[in-house]
Amino acid sequence: VGFEKKNPEVSLKKRGELQKAYLDVELAAIKINYLDQSKALIEAAKKMGAKKYGATTLKSAEAKYQAAERTIETDRHNSSAIAQASNVANLEAKRAVEITRMAKGVKEESPEETAIAMEAKRNEAARNALEADKTSSQLNAAQDTIRDKDSVITGKNAVISDKNAENSKLAESQRFNQAFTTAQNSFSADEAEVYRQGNKLVVRLKQMQFPTGRAELPGSSMSVLSKVKDVIASMGAESVVVEGHTDATGSKAKNQVLSQKRADAVASYFVSENTLPSDQISAKGYGDTKPLVSNKSKDGRAQNRRVDVIISAEKP
C-alpha cells in the first residue's frame with residue numbers, strides 16, 4: 001500500500017515481511033509446478049477408492065510425493081534433484097491410479113476429472129506467480145528506498161565519527177595538559193625538570209645521588225621517585241622508558257655499563273611498585289654520549305649525571 005501511495009517510508013520490518021511473503025509464494029509455486037500432477041493423481045486415486053483397493057500403492061505414492069516436497073523445501077533452486085524426485089512421485093501416483101482401477105476391475109473412465117484437477121492447480125500456480133511478481137516489485141522498491149536511507153545514515157555517521165574523533169583528540173590534549181601541569185607542580189627545581197616531547201612527558205631527575213661508580217638506589221632519592229610514580233599513574237601511561245646518563249669522567253665503556261645499571265635500577269623500582277607491568281617499562285643506558293652541557297666544569301658534569309624518565313601518554 002505504501003508503494004501504491006508513493007510513500008517512500010518502508011520499515012525494515014515491512015521489508016522482512018515482503019521477503020518472507022515472496023519466498024513463501026515462490027516455494028508454493030515451485031511445488032505446484034512440479035507436483036500438481038502427482039497431487040491430482042493421488043486425489044483421483046483416493047476418489048476411486050485407493051484406500052480400499054490399493055492402500056499399499058497409495059501409501060507409497062504419498063511417501064514419494066512427500067519426499068519430493070522435502071527436496072523442494074531443502075533446496076528450491078536445485079532443479080535437477082527436484083525434477084528427479086517429482087518424476088518418481090508422478091510415476092508412483094500414476095501407478096496408484098492404475099492399481100486402483102485394476103483392483104476395481106474398471107477401465108480408464110475418469111480422465112476428465114484428473115484433467116480438471118490439474119487445470120485448477122495450474123491456474124492457481126499462475127495466480128501465485130503473478131502475486132510473487134507483484135511482491136518482488138514491492139520488495140525491490142522497498143530495498144531501493146532503504147538503500148537511499150542507508151546512504152544518508154552512512155553520511156551522517158561519518159560526520160558524527162569525525163566529530164567524535166575531534167572531541168576525543170581535544171579531550172586527550174586537555175588531559176595531557178592537565179597531567180603536564182600537575183607534574184610540573186609536583187617537583188621542586190632542584191629535584192626534576194618536566195617538559196613535553198610530542199605526546200610524551202619527560203621527567204629529568206637532576207639529583208638521584210647515586211654513590212660514585214655504583215647503581216644502588218639511594219634512600220634520599222625515594223621520595224622523588226615516588227612522585228614520578230604518581231605522575232605515571234595520573235597520566236594513564238602507555239609505556240615508560242628510563243634513560244641513564246653519566247658525565248665524561250672515566251672510560252666510555254665503564255660509563256656505558258654504569259648508566260645502564262642505574263637505568264635498570266630505576267625501572268626495577270617502578271616495576272616493584274606496580275606502576276606499570278614489566279613489559280611496558282624499559283631501560284636504556286647512554287653513558288656519556290648525550291651530555292646536556294660541557295663536562296669541563298664540576299657543575300656541567302653534575303648536570304650531565306642524570307636519569308630521564310620518558311612517559312608515553314595513553315592512546316585515546
# chains A, B, ... in the order shown; residues from 1 in each chain; ligands from 1
>>> closest_atom_pairs(of="region 165-263 of chain A", to="region 290-296 of chain A", cutoff="10 Å", atoms="only C-alpha atoms", output="JSON lines")
{"residue": "A:Gly244", "atom": "CA", "partner": "A:Lys290", "partner_atom": "CA", "distance": 9.9}
{"residue": "A:His245", "atom": "CA", "partner": "A:Lys290", "partner_atom": "CA", "distance": 7.2}
{"residue": "A:Thr246", "atom": "CA", "partner": "A:Pro291", "partner_atom": "CA", "distance": 8.0}
{"residue": "A:Asp247", "atom": "CA", "partner": "A:Asn295", "partner_atom": "CA", "distance": 6.4}
{"residue": "A:Ala248", "atom": "CA", "partner": "A:Asn295", "partner_atom": "CA", "distance": 6.2}
{"residue": "A:Thr249", "atom": "CA", "partner": "A:Asn295", "partner_atom": "CA", "distance": 8.2}
>>> residues_around(residues="Leu91 (chain A)", least_positions_apart="4", cutoff="9 Å", atoms="only C-alpha atoms", output="tab-separated table (two decimals) with all heavy atoms, in the first residue's frame")
chain	number	residue	atom	x	y	z
A	38	SER	N	1.13	-34.97	-9.73
A	38	SER	CA	1.18	-36.06	-8.75
A	38	SER	C	0.07	-35.91	-7.73
A	38	SER	O	-0.61	-36.88	-7.36
A	38	SER	CB	2.54	-36.07	-8.04
A	38	SER	OG	3.58	-36.27	-8.95
A	61	ALA	N	2.83	-43.89	-3.01
A	61	ALA	CA	2.73	-42.67	-3.81
A	61	ALA	C	2.79	-41.43	-2.92
A	61	ALA	O	3.45	-40.44	-3.25
A	61	ALA	CB	1.44	-42.69	-4.62
A	86	SER	N	10.32	-35.35	-8.31
A	86	SER	CA	8.93	-35.16	-8.72
A	86	SER	C	8.53	-36.18	-9.79
A	86	SER	O	7.37	-36.62	-9.83
A	86	SER	CB	8.72	-33.74	-9.24
A	86	SER	OG	9.55	-33.49	-10.36
A	87	ASN	N	9.47	-36.58	-10.63
A	87	ASN	CA	9.19	-37.59	-11.64
A	87	ASN	C	8.89	-38.94	-10.99
A	87	ASN	O	7.96	-39.65	-11.38
A	87	ASN	CB	10.38	-37.72	-12.59
A	87	ASN	CG	10.09	-38.68	-13.75
A	87	ASN	OD1	9.08	-38.53	-14.44
A	87	ASN	ND2	10.95	-39.64	-13.96
A	95	ARG	N	0.80	-44.97	-10.95
A	95	ARG	CA	0.70	-46.39	-10.63
A	95	ARG	C	-0.43	-46.64	-9.63
A	95	ARG	O	-1.16	-47.63	-9.73
A	95	ARG	CB	2.04	-46.88	-10.05
A	95	ARG	CG	2.07	-48.37	-9.72
A	95	ARG	CD	3.50	-48.81	-9.45
A	95	ARG	NE	3.51	-50.18	-8.97
A	95	ARG	CZ	3.50	-50.55	-7.69
A	95	ARG	NH1	3.50	-49.61	-6.73
A	95	ARG	NH2	3.51	-51.82	-7.35
A	96	ALA	N	-0.59	-45.72	-8.68
A	96	ALA	CA	-1.66	-45.86	-7.70
A	96	ALA	C	-3.03	-45.83	-8.38
A	96	ALA	O	-3.95	-46.57	-8.02
A	96	ALA	CB	-1.57	-44.76	-6.65
>>> select_by_dssp(residues="region 12-252 of chain A", states="strand (DSSP E)", output="list in words")
Ala192, Glu193, Val194, Tyr195, Arg196, Gln197, Lys200, Leu201, Val202, Val203, Arg204, Leu205, Ser239, Val240, Val241, Val242, Glu243, Gly244 and His245 of chain A
>>> write_last_selection(atoms="C-alpha atoms", output="CSV table (one decimal), in the first residue's frame")
chain,number,residue,atom,x,y,z
A,192,ALA,CA,63.5,17.5,38.5
A,193,GLU,CA,62.7,19.3,35.3
A,194,VAL,CA,59.5,18.4,33.4
A,195,TYR,CA,58.9,19.2,29.8
A,196,ARG,CA,57.0,17.9,26.8
A,197,GLN,CA,58.3,15.9,23.9
A,200,LYS,CA,55.4,12.3,25.7
A,201,LEU,CA,56.3,13.8,29.0
A,202,VAL,CA,59.9,13.8,30.1
A,203,VAL,CA,60.8,14.0,33.8
A,204,ARG,CA,64.6,14.8,34.1
A,205,LEU,CA,65.7,13.7,37.5
A,239,SER,CA,54.8,3.0,28.4
A,240,VAL,CA,57.8,4.3,30.2
A,241,VAL,CA,61.4,4.4,29.1
A,242,VAL,CA,64.1,5.1,31.7
A,243,GLU,CA,67.3,6.6,30.3
A,244,GLY,CA,70.6,6.6,32.3
A,245,HIS,CA,73.3,9.2,31.6
>>> closest_residue(among="A:Ala183, A:Val307, A:Ile146, A:Val159", to="Gly16 (chain A)", atoms="only C-alpha atoms")
A:Ile146
>>> atom_distance(atom1="CA of Gln66 (chain A)", atom2="CA of Asn33 (chain A)")
14.9 Å
>>> closest_residue(among="A:Arg122, A:Glu69, A:Lys206, A:Lys59", to="Glu92 (chain A)", atoms="only C-alpha atoms")
A:Lys59
>>> closest_residue(among="A:Ala67, A:Ala85, A:Ile310, A:Met48", to="Met102 (chain A)", atoms="only C-alpha atoms")
A:Met48
